[in-house]
>>> print(open('query_4.txt').read())   # compact mmCIF, C-alpha atoms
# COMPACT_ATOMS: atom_id res chain seq x y z
CA MET A 1 0.00 0.00 0.00
CA ASN A 2 1.19 3.50 -0.72
CA LYS A 3 1.98 5.38 2.50
CA PRO A 4 3.67 8.70 1.64
CA THR A 5 6.41 9.79 4.02
CA ARG A 6 4.93 13.27 3.98
CA ALA A 7 1.80 11.99 5.77
CA ARG A 8 0.98 13.85 8.92
CA THR A 9 -1.64 13.62 11.61
CA LEU A 10 -4.32 16.29 11.52
CA THR A 11 -3.95 18.77 14.34
CA ALA A 12 -6.74 19.98 16.54
CA THR A 13 -6.32 23.48 15.14
CA ALA A 14 -6.93 22.25 11.59
CA LEU A 15 -10.10 20.52 12.73
CA VAL A 16 -11.79 23.44 14.48
CA LEU A 17 -14.44 24.44 11.93
CA ALA A 18 -18.12 25.29 12.06
CA ALA A 19 -20.30 22.44 13.33
CA ALA A 20 -23.66 23.50 11.92
CA THR A 21 -23.19 23.08 8.19
CA ALA A 22 -24.94 21.82 5.08
CA LEU A 23 -24.14 18.44 3.59
CA THR A 24 -23.33 18.51 -0.11
CA ALA A 25 -25.39 16.78 -2.76
CA CYS A 26 -23.96 14.33 -5.23
CA GLY A 27 -27.29 14.50 -6.99
CA GLY A 28 -27.41 18.30 -7.14
CA GLY A 29 -28.28 20.91 -4.52
CA SER A 30 -27.86 21.02 -0.75
CA ASP A 31 -29.88 21.51 2.39
CA ASP A 32 -29.26 22.41 6.00
CA ALA A 33 -28.74 19.55 8.42
CA SER A 34 -29.83 19.67 12.05
CA SER A 35 -27.89 19.72 15.31
CA ASP A 36 -24.60 17.89 15.90
CA ALA A 37 -25.95 15.84 18.79
CA ASP A 38 -23.99 12.87 20.09
CA PRO A 39 -25.37 9.60 18.71
CA LYS A 40 -27.32 7.34 21.03
CA GLN A 41 -27.19 3.59 20.75
CA THR A 42 -30.73 2.40 21.33
CA THR A 43 -30.69 -1.38 20.95
CA GLY A 44 -28.78 -3.11 23.70
CA SER A 45 -25.97 -1.88 25.94
CA ARG A 46 -23.20 -3.94 24.39
CA ALA A 47 -23.42 -5.36 20.88
CA ALA A 48 -21.64 -8.40 19.51
CA ALA A 49 -19.49 -7.80 16.43
CA VAL A 50 -21.27 -8.12 13.08
CA ASP A 51 -19.71 -9.79 10.04
CA ASP A 52 -19.94 -7.99 6.70
CA PRO A 53 -22.08 -5.19 8.17
CA LEU A 54 -24.38 -2.95 6.19
CA VAL A 55 -25.25 0.56 7.29
CA ALA A 56 -28.43 2.31 6.20
CA THR A 57 -29.46 5.83 7.11
CA TYR A 58 -32.95 6.82 8.16
CA ASP A 59 -34.45 10.13 9.25
CA GLY A 60 -32.77 10.46 12.62
CA GLY A 61 -30.10 7.82 12.66
CA LEU A 62 -28.39 4.70 11.35
CA TYR A 63 -29.35 1.06 11.11
CA VAL A 64 -26.57 -1.53 11.33
CA LEU A 65 -27.47 -4.86 9.73
CA ASP A 66 -25.86 -8.24 9.29
CA GLY A 67 -24.75 -8.44 5.66
CA LYS A 68 -25.76 -12.09 5.28
CA THR A 69 -29.06 -12.33 7.13
CA LEU A 70 -30.07 -8.63 7.00
CA LYS A 71 -30.94 -8.93 10.68
CA LEU A 72 -31.04 -5.53 12.40
CA ALA A 73 -28.10 -5.55 14.81
CA ARG A 74 -28.23 -2.04 16.19
CA THR A 75 -29.93 1.34 15.89
CA ILE A 76 -27.85 4.49 16.32
CA GLU A 77 -29.69 7.78 16.87
CA LEU A 78 -27.98 10.56 14.92
CA PRO A 79 -30.01 13.71 14.15
CA GLY A 80 -29.71 15.44 10.80
CA PHE A 81 -29.31 14.30 7.22
CA ASN A 82 -26.44 11.82 7.21
CA ARG A 83 -24.63 10.07 4.37
CA VAL A 84 -22.59 6.87 4.45
CA ASN A 85 -19.73 5.37 2.40
CA PRO A 86 -17.30 2.46 2.81
CA ALA A 87 -14.10 3.48 4.58
CA GLY A 88 -12.03 0.86 2.75
CA ASP A 89 -11.62 -1.96 5.26
CA GLU A 90 -13.70 -4.81 6.69
CA ASP A 91 -14.98 -2.93 9.73
CA HIS A 92 -15.56 0.77 9.10
CA VAL A 93 -17.71 3.19 7.15
CA VAL A 94 -17.46 6.97 6.85
CA VAL A 95 -20.54 8.90 7.92
CA SER A 96 -20.96 12.43 6.58
CA THR A 97 -22.71 14.49 9.25
CA ASP A 98 -23.41 18.17 9.76
CA SER A 99 -20.06 18.52 11.55
CA GLY A 100 -17.89 16.70 9.02
CA PHE A 101 -16.72 13.16 8.29
CA ARG A 102 -16.95 10.70 11.18
CA VAL A 103 -15.55 7.17 11.17
CA PHE A 104 -18.02 4.53 12.33
CA ASP A 105 -16.94 1.02 13.37
CA ALA A 106 -19.81 -0.87 11.75
CA ALA A 107 -18.58 -4.25 12.94
CA ARG A 108 -18.81 -3.12 16.58
CA GLN A 109 -21.58 -0.59 15.97
CA THR A 110 -19.95 2.45 17.50
CA PHE A 111 -18.30 5.69 16.41
CA THR A 112 -14.52 5.88 16.79
CA ASN A 113 -12.42 8.91 17.76
CA ALA A 114 -11.47 9.53 14.13
CA GLU A 115 -13.22 12.62 12.79
CA PHE A 116 -12.49 15.12 10.03
CA LYS A 117 -14.42 18.25 10.90
CA GLY A 118 -15.41 20.76 8.28
CA ALA A 119 -18.33 22.35 6.50
CA LYS A 120 -20.10 20.37 3.77
CA PRO A 121 -18.38 16.97 3.78
CA GLY A 122 -18.62 15.65 0.23
CA HIS A 123 -17.19 12.73 -1.73
CA VAL A 124 -15.48 9.68 -0.21
CA VAL A 125 -13.29 7.76 -2.69
CA ARG A 126 -11.51 4.44 -2.15
CA HIS A 127 -8.72 3.37 -4.48
CA ALA A 128 -5.44 1.44 -4.33
CA GLY A 129 -5.68 0.89 -0.59
CA ARG A 130 -6.17 4.58 0.13
CA THR A 131 -9.28 6.59 1.02
CA ALA A 132 -9.72 10.25 0.03
CA LEU A 133 -12.18 12.66 1.64
CA PHE A 134 -13.12 15.98 0.05
CA THR A 135 -14.61 18.66 2.31
CA ASP A 136 -16.48 21.06 0.04
CA GLY A 137 -16.77 23.93 2.51
CA THR A 138 -13.01 24.21 2.96
CA GLY A 139 -11.64 22.61 -0.20
CA GLU A 140 -9.55 20.31 1.99
CA VAL A 141 -8.58 16.82 0.85
CA ASN A 142 -7.59 14.20 3.42
CA VAL A 143 -6.15 10.84 2.30
CA PHE A 144 -5.41 7.94 4.62
CA ASP A 145 -4.75 4.21 4.76
CA PRO A 146 -7.94 2.55 6.08
CA ALA A 147 -5.78 -0.09 7.76
CA ASP A 148 -4.84 2.65 10.24
CA LEU A 149 -8.44 2.86 11.50
CA GLY A 150 -8.15 -0.32 13.53
CA ASP A 151 -7.20 1.29 16.84
CA GLY A 152 -10.03 3.82 16.70
CA ALA A 153 -7.69 6.82 16.59
CA GLU A 154 -7.27 9.37 13.82
CA PRO A 155 -5.13 7.90 11.02
CA GLN A 156 -2.02 9.51 9.63
CA THR A 157 -3.21 11.73 6.83
CA ARG A 158 -1.99 13.34 3.64
CA THR A 159 -3.65 16.75 3.40
CA TYR A 160 -4.08 19.07 0.44
CA THR A 161 -6.14 22.25 0.31
CA SER A 162 -7.69 23.36 -2.97
CA ALA A 163 -7.14 26.92 -4.18
CA GLU A 164 -10.81 27.63 -3.41
CA PRO A 165 -13.59 25.68 -1.70
CA HIS A 166 -15.97 23.91 -4.09
CA HIS A 167 -18.02 20.75 -4.50
CA GLY A 168 -15.11 18.56 -5.50
CA VAL A 169 -13.59 15.13 -5.43
CA ALA A 170 -10.13 13.57 -5.16
CA ILE A 171 -8.53 10.18 -5.74
CA GLU A 172 -5.00 9.00 -4.92
CA LEU A 173 -3.39 6.55 -7.34
CA ALA A 174 -1.09 3.65 -6.52
CA ASP A 175 2.06 5.68 -7.22
CA GLY A 176 0.99 8.51 -4.91
CA GLU A 177 -0.35 10.84 -7.60
CA LEU A 178 -3.38 12.81 -6.41
CA VAL A 179 -6.08 13.70 -8.94
CA THR A 180 -8.37 16.44 -7.64
CA THR A 181 -10.87 18.91 -9.06
CA LEU A 182 -10.57 22.62 -9.83
CA GLY A 183 -13.29 25.14 -9.15
CA THR A 184 -15.01 27.68 -6.96
CA GLU A 185 -18.36 27.71 -5.21
CA GLU A 186 -19.85 29.25 -8.38
CA LYS A 187 -18.00 27.41 -11.15
CA ARG A 188 -16.13 24.12 -11.56
CA THR A 189 -13.77 23.81 -14.51
CA GLY A 190 -11.52 20.74 -14.47
CA ALA A 191 -8.83 18.93 -12.54
CA LEU A 192 -5.14 18.86 -11.66
CA VAL A 193 -2.69 16.16 -10.65
CA LEU A 194 -0.07 16.32 -7.91
CA ASP A 195 2.84 13.89 -7.71
CA LYS A 196 3.67 12.07 -4.47
CA ASN A 197 5.60 15.14 -3.32
CA ASP A 198 2.60 17.44 -3.92
CA LYS A 199 4.10 19.04 -7.03
CA GLU A 200 1.60 19.80 -9.80
CA ILE A 201 2.35 17.69 -12.88
CA ALA A 202 -0.81 17.97 -14.99
CA ARG A 203 -3.85 20.22 -15.35
CA ALA A 204 -6.98 20.37 -17.51
CA GLU A 205 -9.60 23.13 -17.49
CA ASN A 206 -11.92 21.84 -20.21
CA CYS A 207 -14.41 20.00 -18.01
CA PRO A 208 -17.27 22.37 -17.19
CA GLY A 209 -19.26 21.46 -14.11
CA VAL A 210 -16.82 18.69 -13.18
CA HIS A 211 -18.48 16.24 -10.81
CA GLY A 212 -17.84 12.74 -9.58
CA GLU A 213 -15.16 10.22 -10.41
CA ALA A 214 -14.60 6.56 -11.22
CA ALA A 215 -11.55 4.41 -11.91
CA ALA A 216 -11.41 1.83 -14.68
CA GLU A 217 -9.11 -1.08 -15.43
CA GLY A 218 -5.51 0.09 -15.73
CA GLU A 219 -6.11 2.87 -13.19
CA VAL A 220 -7.67 5.25 -15.71
CA VAL A 221 -9.65 7.92 -13.86
CA GLY A 222 -12.81 9.45 -15.30
CA LEU A 223 -14.31 12.75 -14.16
CA GLY A 224 -17.79 13.78 -15.24
CA CYS A 225 -18.35 17.00 -17.22
CA GLU A 226 -21.35 18.81 -18.70
CA ASP A 227 -20.13 18.00 -22.22
CA GLY A 228 -18.55 14.58 -21.80
CA VAL A 229 -15.96 12.94 -19.56
CA LEU A 230 -12.40 13.92 -18.68
CA LEU A 231 -9.94 11.01 -18.50
CA TYR A 232 -6.59 10.92 -16.73
CA LYS A 233 -4.39 8.17 -18.18
CA ASP A 234 -0.72 7.65 -18.96
CA GLY A 235 0.28 10.84 -17.18
CA GLY A 236 -2.02 13.18 -19.10
CA PHE A 237 -5.62 14.25 -19.63
CA ALA A 238 -7.87 13.31 -22.56
CA LYS A 239 -11.43 14.42 -23.24
CA VAL A 240 -14.30 12.15 -24.23
CA ASP A 241 -16.81 14.33 -26.08
CA ALA A 242 -20.52 13.67 -25.64
CA PRO A 243 -22.74 13.47 -28.75
CA ASP A 244 -24.99 16.25 -27.41
CA GLU A 245 -23.96 19.88 -26.89
CA TYR A 246 -25.02 19.71 -23.25
CA ALA A 247 -24.62 16.28 -21.70
CA ARG A 248 -23.98 15.94 -17.99
CA THR A 249 -22.36 12.72 -16.80
CA GLY A 250 -22.10 13.68 -13.15
CA ASN A 251 -22.25 10.22 -11.59
CA GLN A 252 -20.04 7.33 -12.63
CA ALA A 253 -19.23 3.78 -11.54
CA GLY A 254 -15.98 2.01 -12.39
CA SER A 255 -14.48 -1.45 -12.05
CA ASP A 256 -10.93 -2.77 -11.97
CA ALA A 257 -12.24 -5.60 -14.17
CA SER A 258 -13.40 -3.36 -17.02
CA PRO A 259 -11.86 -0.58 -19.15
CA ILE A 260 -15.33 0.91 -19.58
CA LEU A 261 -16.92 3.38 -17.16
CA LEU A 262 -20.66 3.55 -16.48
CA GLY A 263 -22.23 6.99 -16.20
CA ASP A 264 -25.58 8.72 -16.12
CA TYR A 265 -26.53 10.97 -19.05
CA LYS A 266 -28.61 14.15 -18.77
CA THR A 267 -29.19 16.58 -21.63
CA ASP A 268 -31.58 19.24 -20.28
CA PRO A 269 -29.70 22.07 -18.53
CA ASP A 270 -32.95 23.74 -17.46
CA ALA A 271 -34.74 20.74 -15.95
CA GLU A 272 -35.67 20.95 -12.28
CA LEU A 273 -35.09 17.21 -12.22
CA GLU A 274 -34.30 15.32 -15.39
CA ARG A 275 -35.27 11.66 -15.39
CA PRO A 276 -32.97 10.17 -18.06
CA THR A 277 -33.50 6.77 -19.64
CA ARG A 278 -30.10 6.60 -21.36
CA ILE A 279 -26.85 5.59 -19.71
CA ALA A 280 -23.32 6.34 -20.93
CA LEU A 281 -20.63 3.70 -21.42
CA ILE A 282 -17.22 5.39 -21.68
CA ASP A 283 -14.45 3.32 -23.25
CA THR A 284 -11.20 4.51 -21.69
CA ARG A 285 -9.16 2.73 -24.39
CA THR A 286 -10.64 4.67 -27.29
CA ALA A 287 -11.93 7.77 -25.44
CA ARG A 288 -15.38 7.20 -26.94
CA MET A 289 -18.84 7.18 -25.43
CA LYS A 290 -21.70 4.82 -26.23
CA LEU A 291 -25.29 5.57 -25.19
CA VAL A 292 -27.75 2.85 -24.21
CA ASP A 293 -31.46 3.51 -23.73
CA LEU A 294 -32.87 1.30 -20.99
CA GLY A 295 -36.45 2.39 -21.54
CA THR A 296 -36.78 3.39 -17.89
CA SER A 297 -35.41 6.24 -15.81
CA TYR A 298 -33.08 5.89 -12.83
CA SER A 299 -31.46 8.07 -10.15
CA PHE A 300 -27.95 8.94 -9.01
CA ARG A 301 -28.21 6.11 -6.46
CA SER A 302 -28.97 3.55 -9.19
CA LEU A 303 -25.48 2.90 -10.61
CA ALA A 304 -23.02 0.18 -9.56
CA ARG A 305 -20.65 -2.46 -10.93
CA GLY A 306 -20.75 -6.23 -10.52
CA PRO A 307 -17.92 -8.61 -9.58
CA HIS A 308 -17.03 -9.26 -13.24
CA GLY A 309 -17.26 -5.61 -14.30
CA GLU A 310 -20.95 -5.76 -15.24
CA ALA A 311 -22.72 -2.42 -15.42
CA LEU A 312 -25.67 -2.39 -13.03
CA VAL A 313 -28.56 0.07 -13.17
CA LEU A 314 -31.65 0.08 -10.96
CA GLY A 315 -34.56 1.46 -12.98
CA THR A 316 -37.69 3.23 -11.75
CA ASN A 317 -39.60 0.25 -13.17
CA GLY A 318 -38.14 -1.73 -10.25
CA VAL A 319 -35.81 -3.77 -12.46
CA LEU A 320 -32.09 -4.19 -11.81
CA HIS A 321 -30.50 -4.19 -15.27
CA VAL A 322 -27.28 -6.17 -15.75
CA VAL A 323 -25.53 -4.66 -18.77
CA ASP A 324 -22.52 -5.93 -20.72
CA PRO A 325 -20.32 -2.81 -20.83
CA GLU A 326 -18.59 -3.91 -24.04
CA THR A 327 -21.75 -4.33 -26.11
CA GLY A 328 -24.30 -2.31 -24.16
CA LYS A 329 -26.64 -5.32 -24.21
CA VAL A 330 -28.90 -5.91 -21.21
CA GLU A 331 -27.94 -9.47 -20.34
CA LYS A 332 -30.19 -9.96 -17.34
CA LYS A 333 -33.17 -8.29 -15.70
CA ILE A 334 -33.77 -8.85 -12.00
CA ASP A 335 -37.16 -7.84 -10.59
CA ALA A 336 -35.92 -6.09 -7.48
CA VAL A 337 -38.60 -3.69 -6.16
CA GLY A 338 -41.91 -2.16 -7.20
CA ASP A 339 -42.26 0.83 -9.53
CA TRP A 340 -40.98 4.07 -8.03
CA THR A 341 -40.58 7.74 -8.89
CA GLU A 342 -37.46 9.78 -8.16
CA PRO A 343 -38.37 12.61 -5.72
CA LEU A 344 -37.55 16.21 -6.62
CA ASP A 345 -35.55 16.70 -3.41
CA TRP A 346 -32.29 14.74 -3.69
CA GLN A 347 -32.24 14.18 0.08
CA GLN A 348 -35.56 12.32 0.06
CA PRO A 349 -35.51 8.50 0.12
CA ARG A 350 -35.66 6.46 -3.06
CA PRO A 351 -34.61 2.86 -3.84
CA THR A 352 -30.85 2.63 -3.55
CA LEU A 353 -28.39 0.08 -4.93
CA PHE A 354 -25.28 -1.12 -3.08
CA VAL A 355 -23.14 -3.98 -4.40
CA ARG A 356 -20.56 -6.04 -2.55
CA ASP A 357 -18.93 -9.08 -4.13
CA HIS A 358 -21.69 -11.14 -5.80
CA THR A 359 -24.56 -9.63 -3.80
CA ALA A 360 -26.71 -6.65 -4.76
CA TYR A 361 -28.54 -4.94 -1.92
CA VAL A 362 -31.57 -2.86 -2.88
CA SER A 363 -33.63 -0.72 -0.52
CA GLU A 364 -37.37 -0.20 -0.94
CA PRO A 365 -38.24 2.79 1.27
CA GLY A 366 -41.95 2.73 0.38
CA LYS A 367 -42.26 -0.66 2.09
CA ARG A 368 -39.53 -0.05 4.71
CA GLN A 369 -37.74 -3.06 3.21
CA LEU A 370 -34.24 -4.06 2.20
CA HIS A 371 -33.53 -6.94 -0.20
CA ALA A 372 -30.43 -8.98 -1.10
CA PHE A 373 -30.00 -10.57 -4.55
CA ASP A 374 -27.47 -13.04 -5.90
CA LEU A 375 -26.09 -11.39 -9.04
CA ASP A 376 -25.04 -14.69 -10.61
CA SER A 377 -28.42 -16.41 -10.34
CA GLY A 378 -30.62 -13.33 -10.17
CA GLU A 379 -32.48 -14.87 -7.24
CA LYS A 380 -33.52 -13.02 -4.11
CA VAL A 381 -31.50 -14.23 -1.12
CA THR A 382 -33.39 -12.56 1.72
CA SER A 383 -35.39 -9.50 2.73
CA VAL A 384 -36.05 -7.56 5.92
CA THR A 385 -38.65 -5.03 7.02
CA LEU A 386 -37.23 -2.21 9.15
CA PRO A 387 -38.89 0.12 11.68
CA LYS A 388 -38.48 3.16 9.40
CA SER A 389 -37.83 3.85 5.74
CA THR A 390 -34.16 4.00 4.85
CA ASN A 391 -32.40 6.54 2.65
CA GLU A 392 -28.72 5.89 1.92
CA LEU A 393 -27.30 2.36 1.95
CA SER A 394 -23.71 1.22 2.17
CA GLY A 395 -21.42 -1.18 3.99
CA THR A 396 -17.87 -2.24 4.64
CA ILE A 397 -15.68 -3.11 1.66
CA ALA A 398 -12.05 -4.12 2.10
CA GLY A 399 -9.46 -3.18 -0.49
CA HIS A 400 -10.00 -1.58 -3.94
>>> encode(input="query_4.txt", output="structure tokens")
Amino acid sequence: MNKPTRARTLTATALVLAAATALTACGGGSDDASSDADPKQTTGSRAAAVDDPLVATYDGGLYVLDGKTLKLARTIELPGFNRVNPAGDEDHVVVSTDSGFRVFDAARQTFTNAEFKGAKPGHVVRHAGRTALFTDGTGEVNVFDPADLGDGAEPQTRTYTSAEPHHGVAIELADGELVTTLGTEEKRTGALVLDKNDKEIARAENCPGVHGEAAAEGEVVGLGCEDGVLLYKDGGFAKVDAPDEYARTGNQAGSDASPILLGDYKTDPDAELERPTRIALIDTRTARMKLVDLGTSYSFRSLARGPHGEALVLGTNGVLHVVDPETGKVEKKIDAVGDWTEPLDWQQPRPTLFVRDHTAYVSEPGKRQLHAFDLDSGEKVTSVTLPKSTNELSGTIAGH
């Protein structure tokens, strides 16, 4: 694993930032979160460790579930709108709260002492055994080795601060290069690359509205633009042009097993909420984009990749589409949930897809349910009904 010698532990001074902040949208827009109250653990006084835990958010807290049985292991009260992402190891997830990023030990169902305070915690990216956090309100990037989370303390951290705060993203590559976005609160324009010594070695400013990232086979990084996708490969940037004048591919999913990135595809710059039916398949070898019409819309929480590099899309018709990224052919359709409509407010619950190994987990907020499907057979493995409707869904994932 890459552990730069320049890594340093965050100081208390660097962490003293405003606590009452707004969480940043990956789907567009933001809203104020409520108070930074300490979480309360409401099911049992001492919980046994959970294998392969899942973590789902609900209005007012977190549910921790067993990844195999979907049994509810613990409920954590946590006011506000919270988001959750894998931290990069077998035990932890990163929870974005109104005070910043907090590390949660999902296996033991408790928050650790590791916290990265700051306004508007945004994207969490795992790659090459490193995890990068981007705090939109400060423009600060923090990168750490998730293996250092084991003792519950703050990990040693590589820190970089963007020229100006913005809704950004960063990813550290295996050789220590750091790819991170350029922009301001009003306008985002592209990306730059720092070497392992934090010296700028590449820059591109031809990616309007840059948003989101994904890594493909061969460690090619894709960044979404409003007119295509920006690729970083072989030490330089290349642009994949979209076939439409305005075409936002703001959410992507990549796989180490495929040279092709999966992205959403929106073409109406004036829409309050566009409900696209086409997906984008970006071939990083040829820098070309292929569009596939699924005949059903989807949301920014609908995209994932399977264990063999399959492109997975959860449609509003309730079907989980398994797409061959090379041909664009829908190879399998899994009836996952009932028909649903994407809400106008990005913070409101909607069915959400989370994939780990050969299992696809799909939430169904309207029924307060969570389902697990075997991607190889397409069969439902198990389901659970929870006390409240869930919103975001994630879990622990080691390595990447």
>>> residues_around(input="query_4.txt", residues="Arg83 in chain A", least_positions_apart="5", cutoff="8 Å", atoms="all atoms listed in the file", output="list in words")
Thr57, Val95, Ser96, Thr97 and Glu392 of chain A
>>> closest_residue(input="query_4.txt", among="A:Ile201, A:Val220, A:Ala242, A:Gly80", to="Ile260 in chain A", atoms="only C-alpha atoms")
A:Val220
>>> atom_distance(input="query_4.txt", atom1="CA of Asp136 in chain A", atom2="CA of Thr181 in chain A")
10.9 Å
>>> atom_distance(input="query_4.txt", atom1="CA of Val84 in chain A", atom2="CA of Ala304 in chain A")
15.5 Å
>>> residues_around(input="query_4.txt", residues="Gly250 in chain A", least_positions_apart="5", cutoff="12 Å", atoms="only C-alpha atoms", output="NGL selection string")
:A and (25-28 or 167-169 or 207-214 or 222-230 or 262-267 or 279-280 or 299-301 or 303)
>>> residues_around(input="query_4.txt", residues="range 159-161 of chain A", least_positions_apart="5", cutoff="6 Å", atoms="all atoms listed in the file", output="MDAnalysis selection string")
chainID A and resid 139:142
>>> atom_distance(input="query_4.txt", atom1="CA of Asn391 in chain A", atom2="CA of Lys367 in chain A")
12.2 Å
>>> closest_residue(input="query_4.txt", among="A:Gly61, A:Gly183, A:Pro79, A:Gly176", to="Asp198 in chain A", atoms="only C-alpha atoms")
A:Gly176
>>> residues_near_point(input="query_4.txt", point="(-6.1, 0.8, -15.4)", cutoff="12 Å", atoms="only C-alpha atoms", output="ChimeraX atom specification")
/A:127-128,173-174,214-222,231-234,254-261,283-285
>>> residues_around(input="query_4.txt", residues="Val330 in chain A", least_positions_apart="5", cutoff="9 Å", atoms="all atoms listed in the file", output="list in words")
Leu294, His321, Val322, Val323 and Asp324 of chain A
>>> closest_residue(input="query_4.txt", among="A:Val292, A:Leu281, A:Leu353, A:Ile397", to="Glu326 in chain A", atoms="only C-alpha atoms")
A:Leu281
>>> closest_residue(input="query_4.txt", among="A:Thr277, A:Thr352, A:Ser99, A:Thr131", to="Pro86 in chain A", atoms="all atoms listed in the file")
A:Thr131
>>> residues_around(input="query_4.txt", residues="range 335-339 of chain A", least_positions_apart="6", cutoff="10 Å", atoms="all atoms listed in the file", output="mmCIF file with C-alpha atoms, in the frame of the given file")
data_model
loop_
_atom_site.group_PDB
_atom_site.id
_atom_site.type_symbol
_atom_site.label_atom_id
_atom_site.label_comp_id
_atom_site.auth_asym_id
_atom_site.auth_seq_id
_atom_site.Cartn_x
_atom_site.Cartn_y
_atom_site.Cartn_z
ATOM 1 C CA LEU A 314 -31.650 0.080 -10.960
ATOM 2 C CA GLY A 315 -34.560 1.460 -12.980
ATOM 3 C CA THR A 316 -37.690 3.230 -11.750
ATOM 4 C CA ASN A 317 -39.600 0.250 -13.170
ATOM 5 C CA GLY A 318 -38.140 -1.730 -10.250
ATOM 6 C CA VAL A 319 -35.810 -3.770 -12.460
ATOM 7 C CA LEU A 320 -32.090 -4.190 -11.810
ATOM 8 C CA HIS A 321 -30.500 -4.190 -15.270
ATOM 9 C CA PRO A 351 -34.610 2.860 -3.840
ATOM 10 C CA ALA A 360 -26.710 -6.650 -4.760
ATOM 11 C CA TYR A 361 -28.540 -4.940 -1.920
ATOM 12 C CA VAL A 362 -31.570 -2.860 -2.880
ATOM 13 C CA SER A 363 -33.630 -0.720 -0.520
ATOM 14 C CA GLU A 364 -37.370 -0.200 -0.940
ATOM 15 C CA PRO A 365 -38.240 2.790 1.270
ATOM 16 C CA GLY A 366 -41.950 2.730 0.380
ATOM 17 C CA LYS A 367 -42.260 -0.660 2.090
ATOM 18 C CA GLN A 369 -37.740 -3.060 3.210
ATOM 19 C CA LEU A 370 -34.240 -4.060 2.200
ATOM 20 C CA HIS A 371 -33.530 -6.940 -0.200
ATOM 21 C CA ALA A 372 -30.430 -8.980 -1.100
ATOM 22 C CA PHE A 373 -30.000 -10.570 -4.550
ATOM 23 C CA GLY A 378 -30.620 -13.330 -10.170
ATOM 24 C CA GLU A 379 -32.480 -14.870 -7.240
ATOM 25 C CA LYS A 380 -33.520 -13.020 -4.110
#
>>> closest_residue(input="query_4.txt", among="A:Ala238, A:Ala87, A:Ala163, A:Leu72", to="Ser394 in chain A", atoms="all atoms listed in the file")
A:Ala87
>>> closest_residue(input="query_4.txt", among="A:Ala106, A:Leu393, A:Ala398, A:Ala287", to="Tyr58 in chain A", atoms="all atoms listed in the file")
A:Leu393
>>> axis_aligned_box(input="query_4.txt", around="range 285-294 of chain A", padding_each_side="6 Å", output="lines of an AutoDock Vina configuration file")
center_x = -21.0
center_y = 4.5
center_z = -24.1
size_x = 35.7
size_y = 18.5
size_z = 18.3
>>> residues_near_point(input="query_4.txt", point="(-18.3, 13.9, 1.3)", cutoff="7 Å", atoms="all atoms listed in the file", output="NGL selection string")
:A and (24 or 96 or 121-124 or 133-135)
